[in-house]
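Down below is the structure, laid out as structure tokens.
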Amino acid sequence: MSNQIKNTSQIKKVLKISALTLTAAVLLYVTIRFMPWFISLGNEQTRNEFLDYLDSFGIFGVLIMLGIQLVQVVVAVFPGEPVEVLFGVLYGTFGGLLLCMLGLLFGYFVIYFSMKKLCAGTATKKLQEKFGDKNYRALAFLRNSRNIKLIYFILYFIPGTPKDLLTYIAPITPIKPSEFFLIATFARIPTIITSTYAGDSLMEGEFRSALLVFAITGVLGILGIIFNKQILSLLKKIFHRSSGEETDMNFGEKIYAYRDEIVENLSNIVKIKSVSVAGADGKPFGEGPYNALQYALNLARNLGFKAVDLDGYIGYAEYGEGDEYIAVISHLDVVPEGDGWSYPPYGGVIENGKIYGRGVSDNKCAAILGLYALKSLVDSGIVPNRRFRIIFGCSEEIGMEDLAYYFSKEPYPVFGFTPDSGYPIVNAEKGILSLWFSDHYDATGKIISVDSGSALNIVPKYCTAVLNASLLTENERKMLDDISSGDKYIVTCDDDRINITATGEYSHGASPENGINAIGLMSLLLGALSGDEPLVKFMRFIKQNIGMEYHAQTLGAAFEDEISGKLTFNMGALHLEEGKIKLGINIRYPVTVKGEDVIAALQKVAAANNIIIEGIDDSKPLHVPADTPWIAHLSNAYLAITGEEAKTIAIGGGTYSRYTNNTCVGFGGTGANCHNIDEYVEIDDLMRHGSIMTQAIYNLATAE
């Protein structure tokens, strides 16, 4: 695998050299092809003929030249000096200067607002793709500097600095548009005027002056290119000190040194099939999760960390000393792979800059990145102010019994995060309440059977029912005839039985409004039947008190708050079993609401209809206030690496964080097709994710 990565790197190097050679060849050709023409402009007659030609276009002649300047700025790969010289040839030193500045301003305007609109939310990734990770990260300090205007002025003033990337990166820095346009345009006056003067001198036949200016600007430009890294490094040091900022505000970049090791170890651990199942002593969740845990712990030991296995339930790597500790909680168990993969689900295949495999995104990448983020501290000689733990869970996907076991043995962290929720920062998770409405029944009436769903946290797509045709009234038969022509119900007859299928749309139970609940659809039909038999009454209860509602308004439980929004209510299952009809409910309630209050509201309505509530399971909400100082360290890490603000958000889903006594938040994640076929992570995205995690760990480790 190391050879595969090495070969990819060599191919990229060859392509880069080829591209540079091709560019140099094109520039050489253009120089040879058009230099005689430039020289011929020194002849007054030739010059006047060309100017007359441009004048024949009227104002469009000037616009053509401005268009050439605009294209040069936007494309960026072409040097601007030849265009500036041409302006000097045609319009003189100062006329050329003014027109050049106007063209630059147009170009900057196009780039700035195009990037602002097209790259909203993905600016970092697109800039890294365009200019390469190294070049982009070299300018990372700009995104968080208090001296941004002065830095921009210096960089645009000095020849040879990477002005193309500076222009594209401006929209995601703190600089205002008006400030950027003024600085980027006027800071270039000295370099532009030397070019337009050279062009003007060329026109006047003063070849020595022109060549002297070309030589001086050329040498300055070459020096700027050669020493641009040193210039950027010097600016970093000067302005970080003057602003009181940490010189390691981009500490997260250090994880890139371990890129090959990270890719190799992630690919290897993905090859371990770690679906959680019932196990035995020492391997409580089966062979797979145990083997994945041992891989992570052995890697931790090899990297120099203390590694602890808590009876096969869960484990952790630790660095540092002290009574308190900070936790990064990941999990190594995965959901079943399913069918239809294009790549072996446990192959850890690396192809086209991606790693494929079950669990590569959810959540094995976080475990590997966490270890190498911690290694970045060690190799930099940084001793954290408190202990740090990278925790490896083994049953996150099937109830999180692993974390319950961990906290039965270990204290809660002072703070931590779970890189399993996406960015930015999830500081609130709604409470999750599961329960069953139930009543006794007999199957001797109009409704013989009704059934739907299996998982309470899924909006069911189908609900089936069987009716006794001989007991239906004429109006009820007509109702069934009328609905059979629609697209929500399928009605078929089989002797004295009528079979009905209601069809809705799947959705996750945390956002039931995005689906169409088939149980609700069936209740609208069966709840309209006449009679007092138990099944009809139960379906009537659903129709009258729930129907197609998703916020439990009629049930009197429509709680909401500003932090996490409205309560959501999902009917996930409807079954007949052991003489009972049972309706399974999944509720996500706001973080400031008590589960007991939700249950009390439901009990009131249920009791009035002789319905029993049973099987109650209440997972309390997570809420870490947004102004908690620890959260500021995560937010600053995200800003330092991405240049984008990290806001706190609430979700209806549940992560490990909710079981940490409100000491952890959700922060980070990457990859695609989680819980689906062909799960993968892009290696560039993986390293960006790792960079943010590393910066966050550094911020937390050095915090007082």
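Here's how to read the names in the structure tokens: chain A, B, ... by the order shown, residue numbers from 1 in each chain, ligand numbers from 1 in the order shown.
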Neighbours of Gly422 in chain A within 8 Å (only C-alpha atoms; same-chain residues fewer than 5 positions away dropped), as a list in words?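 Close residues of Gly422 in chain A: Gly666, Phe667, Gly668, Gly669 and Thr670 of chain A.
Near Val277 in chain A, within 10 Å and counting only C-alpha atoms, sit Ser274, Ala280, Lys283, Pro284, Phe285, Gly286, Glu287, Gly288, Pro289, Asp333, Ser395 and Ile398 of chain A, not including residues fewer than 3 positions from it in the same chain.
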Could the residues in this selection be saved with C-alpha atoms as a PDB file, in the first residue's frame?
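Output file out-v3.pdb is given in full below:
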ATOM      1  CA  SER A 274     -16.431  -5.257  12.846  1.00  0.00           C
ATOM      2  CA  ALA A 280     -18.790 -13.781  24.973  1.00  0.00           C
ATOM      3  CA  LYS A 283     -15.338 -10.171  23.309  1.00  0.00           C
ATOM      4  CA  PRO A 284     -18.786  -8.893  24.310  1.00  0.00           C
ATOM      5  CA  PHE A 285     -19.666  -7.636  20.832  1.00  0.00           C
ATOM      6  CA  GLY A 286     -18.120 -10.425  18.819  1.00  0.00           C
ATOM      7  CA  GLU A 287     -14.823 -11.199  17.113  1.00  0.00           C
ATOM      8  CA  GLY A 288     -14.860  -8.298  14.627  1.00  0.00           C
ATOM      9  CA  PRO A 289     -15.151  -5.333  17.014  1.00  0.00           C
ATOM     10  CA  ASP A 333     -18.035  -1.042  15.117  1.00  0.00           C
ATOM     11  CA  SER A 395     -21.103  -0.937  20.055  1.00  0.00           C
ATOM     12  CA  ILE A 398     -26.350  -1.147  18.558  1.00  0.00           C
TER      13      ILE A 398
END
Dump as JSON lines the rows for residues of range 598-634 of chain A within 9 Å of range 538-548 of chain A: closest atom pair and distance in Å with one decimal, only C-alpha atoms counted, ordered by chain and rising residue number.
{"residue": "A:Val605", "atom": "CA", "partner": "A:Asn545", "partner_atom": "CA", "distance": 8.4}
{"residue": "A:Ala606", "atom": "CA", "partner": "A:Phe541", "partner_atom": "CA", "distance": 8.8}
{"residue": "A:Asn609", "atom": "CA", "partner": "A:Phe541", "partner_atom": "CA", "distance": 7.3}
{"residue": "A:Ile611", "atom": "CA", "partner": "A:Phe538", "partner_atom": "CA", "distance": 8.2}
Those same residues, written as a PDB file, in the first residue's frame with N, CA and C atoms?
ATOM      1  N   VAL A 605     -54.144  12.111  27.261  1.00  0.00           N
ATOM      2  CA  VAL A 605     -54.978  11.796  26.101  1.00  0.00           C
ATOM      3  C   VAL A 605     -55.219  10.298  26.005  1.00  0.00           C
ATOM      4  N   ALA A 606     -54.177   9.504  26.272  1.00  0.00           N
ATOM      5  CA  ALA A 606     -54.313   8.047  26.191  1.00  0.00           C
ATOM      6  C   ALA A 606     -55.341   7.533  27.193  1.00  0.00           C
ATOM      7  N   ASN A 609     -58.914   7.767  26.341  1.00  0.00           N
ATOM      8  CA  ASN A 609     -59.342   6.842  25.287  1.00  0.00           C
ATOM      9  C   ASN A 609     -59.102   5.378  25.672  1.00  0.00           C
ATOM     10  N   ILE A 611     -56.419   3.894  26.458  1.00  0.00           N
ATOM     11  CA  ILE A 611     -55.207   3.382  25.825  1.00  0.00           C
ATOM     12  C   ILE A 611     -54.102   3.311  26.877  1.00  0.00           C
TER      13      ILE A 611
END
For the structure I just gave you, how does DSSP split range 249-350 of chain A - specifically, which residues are strand (DSSP E)? Reply as a ChimeraX atom specification. /A:306-310,314-319,325-331,349-350
Option closest in space to Tyr656 in chain A, from A:Ala600, A:Ile447, A:Val426, A:Val681 [counting only C-alpha atoms]: A:Val426
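Nearest to Ala552 in chain A of all the residues A:Met571, A:Ile175, A:Ile490, A:Ile448 is A:Met571, counting only C-alpha atoms.
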Assign secondary structure with DSSP using the backbone only, and return the residues of range 423-596 of chain A in alpha helix (DSSP H) as number ranges by chain. A: 474-483, 518-526, 534-545, 595-596
Would you mind telling me which residue in A:Leu155, A:Leu66, A:Ala607, A:Leu576 lies nearest to Leu105 in chain A when using only C-alpha atoms? A:Leu66
For CA of Ser507 in chain A and CA of Val459 in chain A, the interatomic separation in Å (one decimal):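 So the two atoms, CA of Ser507 in chain A and CA of Val459 in chain A, lie 5.1 Å apart.
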Produce a table with one row for each residue of range 426-524 of chain A that has an atom at most 10 Å from any atom of range 622-627 of chain A, each row naming the nearest atom pair and its distance in Å at one decimal; use only C-alpha atoms; arrange rows by chain and rising residue number; format as a tab-separated table.
residue	atom	partner	partner_atom	distance
A:Val426	CA	A:Val624	CA	9.0
A:Asn427	CA	A:Val624	CA	5.2
A:Ala428	CA	A:His623	CA	4.4
A:Glu429	CA	A:Leu622	CA	4.8
A:Lys430	CA	A:Leu622	CA	6.6
A:Gly431	CA	A:Leu622	CA	7.2
Just checking: using only C-alpha atoms, which residue out of A:Met693, A:Met479, A:Ile581, A:Ala404 ends up closest to Leu371 in chain A?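 Distance minimum relative to Leu371 in chain A lands on A:Met693.
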Spatial neighbours of range 312-315 of chain A, 8 Å, only C-alpha atoms, chain gap at least 4 places, as a list in words: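 Contacts, in chain order: Gly282, Lys283, Pro284, Phe285, Tyr290, Leu293, Leu297, Ala307, Val308, Ile391, Phe392, Gly393, Cys394, Ser395, Asp402, Leu403, Tyr405 and Tyr406 of chain A.
Each of A:Ser376, A:Asn468, A:Gln72, A:Ser564 was compared to Arg259 in chain A using only C-alpha atoms, and A:Ser376 turns out to be the nearest.
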Show which residues sit within 8 Å of Ala696 in chain A, as a count of residues only. Count only C-alpha atoms, and ignore same-chain residues fewer than 2 positions away. 12
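Look at Ile612 in chain A: the protein and nucleic acid residues within 9 Å of it, using only C-alpha atoms and passing over chain neighbours fewer than 2 places away, are Trp436, Phe437, Ser438, Asp439, Gln603, Ala606, Ala607, Asn609, Asn610 and Glu614 of chain A.
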Output N, CA and C atoms for every residue in that selection, as a PDB file, in the first residue's frame.
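As written to disk, result00.pdb reads:
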ATOM      1  N   TRP A 436     -44.816   2.754  23.539  1.00  0.00           N
ATOM      2  CA  TRP A 436     -45.863   2.056  22.781  1.00  0.00           C
ATOM      3  C   TRP A 436     -47.233   2.409  23.342  1.00  0.00           C
ATOM      4  N   PHE A 437     -48.155   2.818  22.441  1.00  0.00           N
ATOM      5  CA  PHE A 437     -49.571   2.873  22.773  1.00  0.00           C
ATOM      6  C   PHE A 437     -50.128   1.468  22.539  1.00  0.00           C
ATOM      7  N   SER A 438     -50.912   0.932  23.474  1.00  0.00           N
ATOM      8  CA  SER A 438     -51.446  -0.415  23.259  1.00  0.00           C
ATOM      9  C   SER A 438     -52.853  -0.563  23.826  1.00  0.00           C
ATOM     10  N   ASP A 439     -53.565  -1.573  23.285  1.00  0.00           N
ATOM     11  CA  ASP A 439     -54.908  -1.918  23.745  1.00  0.00           C
ATOM     12  C   ASP A 439     -55.178  -3.371  23.374  1.00  0.00           C
ATOM     13  N   GLN A 603     -50.060  10.713  28.370  1.00  0.00           N
ATOM     14  CA  GLN A 603     -50.860   9.888  29.274  1.00  0.00           C
ATOM     15  C   GLN A 603     -52.275  10.437  29.430  1.00  0.00           C
ATOM     16  N   ALA A 606     -54.177   9.504  26.272  1.00  0.00           N
ATOM     17  CA  ALA A 606     -54.313   8.047  26.191  1.00  0.00           C
ATOM     18  C   ALA A 606     -55.341   7.533  27.193  1.00  0.00           C
ATOM     19  N   ALA A 607     -55.268   8.034  28.435  1.00  0.00           N
ATOM     20  CA  ALA A 607     -56.204   7.584  29.470  1.00  0.00           C
ATOM     21  C   ALA A 607     -57.643   7.907  29.102  1.00  0.00           C
ATOM     22  N   ASN A 609     -58.914   7.767  26.341  1.00  0.00           N
ATOM     23  CA  ASN A 609     -59.342   6.842  25.287  1.00  0.00           C
ATOM     24  C   ASN A 609     -59.102   5.378  25.672  1.00  0.00           C
ATOM     25  N   ASN A 610     -58.832   5.148  26.979  1.00  0.00           N
ATOM     26  CA  ASN A 610     -58.589   3.798  27.497  1.00  0.00           C
ATOM     27  C   ASN A 610     -57.418   3.105  26.800  1.00  0.00           C
ATOM     28  N   GLU A 614     -46.836   1.904  27.357  1.00  0.00           N
ATOM     29  CA  GLU A 614     -45.899   0.958  27.950  1.00  0.00           C
ATOM     30  C   GLU A 614     -44.572   0.985  27.194  1.00  0.00           C
TER      31      GLU A 614
END
So which residues touch Val450 in chain A within 12 Å, counting only C-alpha atoms, skipping near sequence neighbours fewer than 5 positions away, as a ChimeraX atom specification? /A:441,443,462-467,498-502,518-519,522-523,526,535-536,538-539,573-577,580-583
So that I have them on file, write out the residues from the current selection with C-alpha atoms, as a PDB file, in the first residue's frame.
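File written: again08.pdb
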ATOM      1  CA  TYR A 441     -58.293  -6.570  20.656  1.00  0.00           C
ATOM      2  CA  ALA A 443     -59.970 -10.279  15.276  1.00  0.00           C
ATOM      3  CA  TYR A 462     -46.002   0.755   3.837  1.00  0.00           C
ATOM      4  CA  CYS A 463     -48.926  -0.230   6.035  1.00  0.00           C
ATOM      5  CA  THR A 464     -51.079  -3.270   5.257  1.00  0.00           C
ATOM      6  CA  ALA A 465     -54.541  -4.235   6.507  1.00  0.00           C
ATOM      7  CA  VAL A 466     -57.042  -7.028   5.922  1.00  0.00           C
ATOM      8  CA  LEU A 467     -60.784  -6.343   6.331  1.00  0.00           C
ATOM      9  CA  ILE A 498     -60.296  -7.004   1.334  1.00  0.00           C
ATOM     10  CA  ASN A 499     -56.523  -6.378   1.307  1.00  0.00           C
ATOM     11  CA  ILE A 500     -55.319  -2.782   1.598  1.00  0.00           C
ATOM     12  CA  THR A 501     -51.808  -1.345   1.286  1.00  0.00           C
ATOM     13  CA  ALA A 502     -51.181   2.294   2.153  1.00  0.00           C
ATOM     14  CA  ALA A 518     -48.116   5.050   5.930  1.00  0.00           C
ATOM     15  CA  ILE A 519     -49.629   4.362   9.389  1.00  0.00           C
ATOM     16  CA  MET A 522     -54.098   3.896   6.981  1.00  0.00           C
ATOM     17  CA  SER A 523     -55.630   5.559  10.045  1.00  0.00           C
ATOM     18  CA  LEU A 526     -59.688   2.561   8.927  1.00  0.00           C
ATOM     19  CA  LEU A 535     -59.331  -2.390  16.423  1.00  0.00           C
ATOM     20  CA  VAL A 536     -61.654   0.165  14.823  1.00  0.00           C
ATOM     21  CA  PHE A 538     -57.780   2.116  18.126  1.00  0.00           C
ATOM     22  CA  MET A 539     -57.451   3.216  14.488  1.00  0.00           C
ATOM     23  CA  ALA A 573     -44.480   0.510  13.908  1.00  0.00           C
ATOM     24  CA  LEU A 574     -47.993  -0.940  14.225  1.00  0.00           C
ATOM     25  CA  HIS A 575     -48.417  -4.625  15.129  1.00  0.00           C
ATOM     26  CA  LEU A 576     -50.888  -7.171  16.465  1.00  0.00           C
ATOM     27  CA  GLU A 577     -49.242  -9.492  18.969  1.00  0.00           C
ATOM     28  CA  LYS A 580     -52.727  -6.571  21.789  1.00  0.00           C
ATOM     29  CA  ILE A 581     -52.571  -3.915  19.122  1.00  0.00           C
ATOM     30  CA  LYS A 582     -49.404  -1.859  19.634  1.00  0.00           C
ATOM     31  CA  LEU A 583     -48.364   1.448  18.081  1.00  0.00           C
TER      32      LEU A 583
END
Give me, as an mmCIF file with all heavy atoms, in the first residue's frame, all polymer residues having an atom no more than 12 Å from Ala601 in chain A, counting only C-alpha atoms and skipping those fewer than 6 positions away in the same chain.
data_model
loop_
_atom_site.group_PDB
_atom_site.id
_atom_site.type_symbol
_atom_site.label_atom_id
_atom_site.label_comp_id
_atom_site.auth_asym_id
_atom_site.auth_seq_id
_atom_site.Cartn_x
_atom_site.Cartn_y
_atom_site.Cartn_z
ATOM 1 N N ALA A 552 -47.178 16.416 17.358
ATOM 2 C CA ALA A 552 -48.033 16.022 18.487
ATOM 3 C C ALA A 552 -48.917 17.160 18.990
ATOM 4 O O ALA A 552 -49.177 17.265 20.193
ATOM 5 C CB ALA A 552 -47.176 15.461 19.622
ATOM 6 N N GLN A 553 -49.401 17.969 18.056
ATOM 7 C CA GLN A 553 -50.238 19.106 18.457
ATOM 8 C C GLN A 553 -51.519 18.644 19.148
ATOM 9 O O GLN A 553 -51.867 19.118 20.243
ATOM 10 C CB GLN A 553 -50.607 19.960 17.238
ATOM 11 C CG GLN A 553 -49.442 20.496 16.442
ATOM 12 C CD GLN A 553 -49.096 19.626 15.245
ATOM 13 O OE1 GLN A 553 -48.814 18.440 15.412
ATOM 14 N NE2 GLN A 553 -49.123 20.213 14.053
ATOM 15 N N THR A 554 -52.258 17.726 18.500
ATOM 16 C CA THR A 554 -53.539 17.289 19.046
ATOM 17 C C THR A 554 -53.350 16.490 20.328
ATOM 18 O O THR A 554 -54.218 16.497 21.209
ATOM 19 C CB THR A 554 -54.298 16.445 18.002
ATOM 20 O OG1 THR A 554 -54.426 17.204 16.790
ATOM 21 C CG2 THR A 554 -55.693 16.084 18.489
ATOM 22 N N LEU A 555 -52.229 15.823 20.454
ATOM 23 C CA LEU A 555 -51.927 15.073 21.681
ATOM 24 C C LEU A 555 -51.519 15.992 22.833
ATOM 25 O O LEU A 555 -51.317 15.543 23.957
ATOM 26 C CB LEU A 555 -50.800 14.073 21.423
ATOM 27 C CG LEU A 555 -51.171 12.831 20.595
ATOM 28 C CD1 LEU A 555 -49.919 12.073 20.186
ATOM 29 C CD2 LEU A 555 -52.118 11.923 21.373
ATOM 30 N N GLY A 556 -51.379 17.292 22.553
ATOM 31 C CA GLY A 556 -51.039 18.249 23.604
ATOM 32 C C GLY A 556 -49.584 18.222 24.011
ATOM 33 O O GLY A 556 -49.234 18.617 25.131
ATOM 34 N N ALA A 557 -48.704 17.753 23.091
ATOM 35 C CA ALA A 557 -47.280 17.651 23.432
ATOM 36 C C ALA A 557 -46.406 18.421 22.450
ATOM 37 O O ALA A 557 -45.258 18.041 22.200
ATOM 38 C CB ALA A 557 -46.867 16.182 23.476
ATOM 39 N N ALA A 558 -46.926 19.479 21.895
ATOM 40 C CA ALA A 558 -46.184 20.252 20.885
ATOM 41 C C ALA A 558 -45.195 21.206 21.554
ATOM 42 O O ALA A 558 -45.277 22.430 21.408
ATOM 43 C CB ALA A 558 -47.150 21.015 19.993
ATOM 44 N N PHE A 559 -44.240 20.646 22.274
ATOM 45 C CA PHE A 559 -43.233 21.453 22.962
ATOM 46 C C PHE A 559 -42.208 21.978 21.952
ATOM 47 O O PHE A 559 -41.926 21.342 20.937
ATOM 48 C CB PHE A 559 -42.519 20.619 24.019
ATOM 49 C CG PHE A 559 -43.407 20.128 25.130
ATOM 50 C CD1 PHE A 559 -43.937 18.842 25.102
ATOM 51 C CD2 PHE A 559 -43.720 20.943 26.206
ATOM 52 C CE1 PHE A 559 -44.745 18.371 26.125
ATOM 53 C CE2 PHE A 559 -44.528 20.487 27.237
ATOM 54 C CZ PHE A 559 -45.046 19.197 27.192
ATOM 55 N N LYS A 594 -38.484 18.328 29.801
ATOM 56 C CA LYS A 594 -38.273 17.059 30.493
ATOM 57 C C LYS A 594 -39.095 15.961 29.825
ATOM 58 O O LYS A 594 -40.255 16.173 29.455
ATOM 59 C CB LYS A 594 -38.681 17.183 31.963
ATOM 60 C CG LYS A 594 -37.793 18.112 32.779
ATOM 61 C CD LYS A 594 -38.247 18.156 34.232
ATOM 62 C CE LYS A 594 -37.351 19.069 35.057
ATOM 63 N NZ LYS A 594 -37.803 19.125 36.472
ATOM 64 N N GLY A 595 -38.487 14.794 29.713
ATOM 65 C CA GLY A 595 -39.204 13.666 29.139
ATOM 66 C C GLY A 595 -40.465 13.341 29.918
ATOM 67 O O GLY A 595 -41.490 12.940 29.343
ATOM 68 N N ALA A 607 -55.268 8.034 28.435
ATOM 69 C CA ALA A 607 -56.204 7.584 29.470
ATOM 70 C C ALA A 607 -57.643 7.907 29.102
ATOM 71 O O ALA A 607 -58.561 7.114 29.373
ATOM 72 C CB ALA A 607 -55.828 8.227 30.802
ATOM 73 N N ALA A 608 -57.853 9.056 28.491
ATOM 74 C CA ALA A 608 -59.213 9.440 28.081
ATOM 75 C C ALA A 608 -59.770 8.515 27.014
ATOM 76 O O ALA A 608 -60.989 8.462 26.799
ATOM 77 C CB ALA A 608 -59.203 10.880 27.576
ATOM 78 N N ILE A 613 -50.017 3.205 27.860
ATOM 79 C CA ILE A 613 -48.661 3.524 27.388
ATOM 80 C C ILE A 613 -47.683 2.611 28.114
ATOM 81 O O ILE A 613 -47.681 2.529 29.346
ATOM 82 C CB ILE A 613 -48.298 4.997 27.645
ATOM 83 C CG1 ILE A 613 -49.195 5.924 26.804
ATOM 84 C CG2 ILE A 613 -46.827 5.254 27.320
ATOM 85 C CD1 ILE A 613 -48.916 7.395 26.992
#
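The space separating CA of Asn385 in chain A from CA of Gly690 in chain A comes to 21.4 Å.
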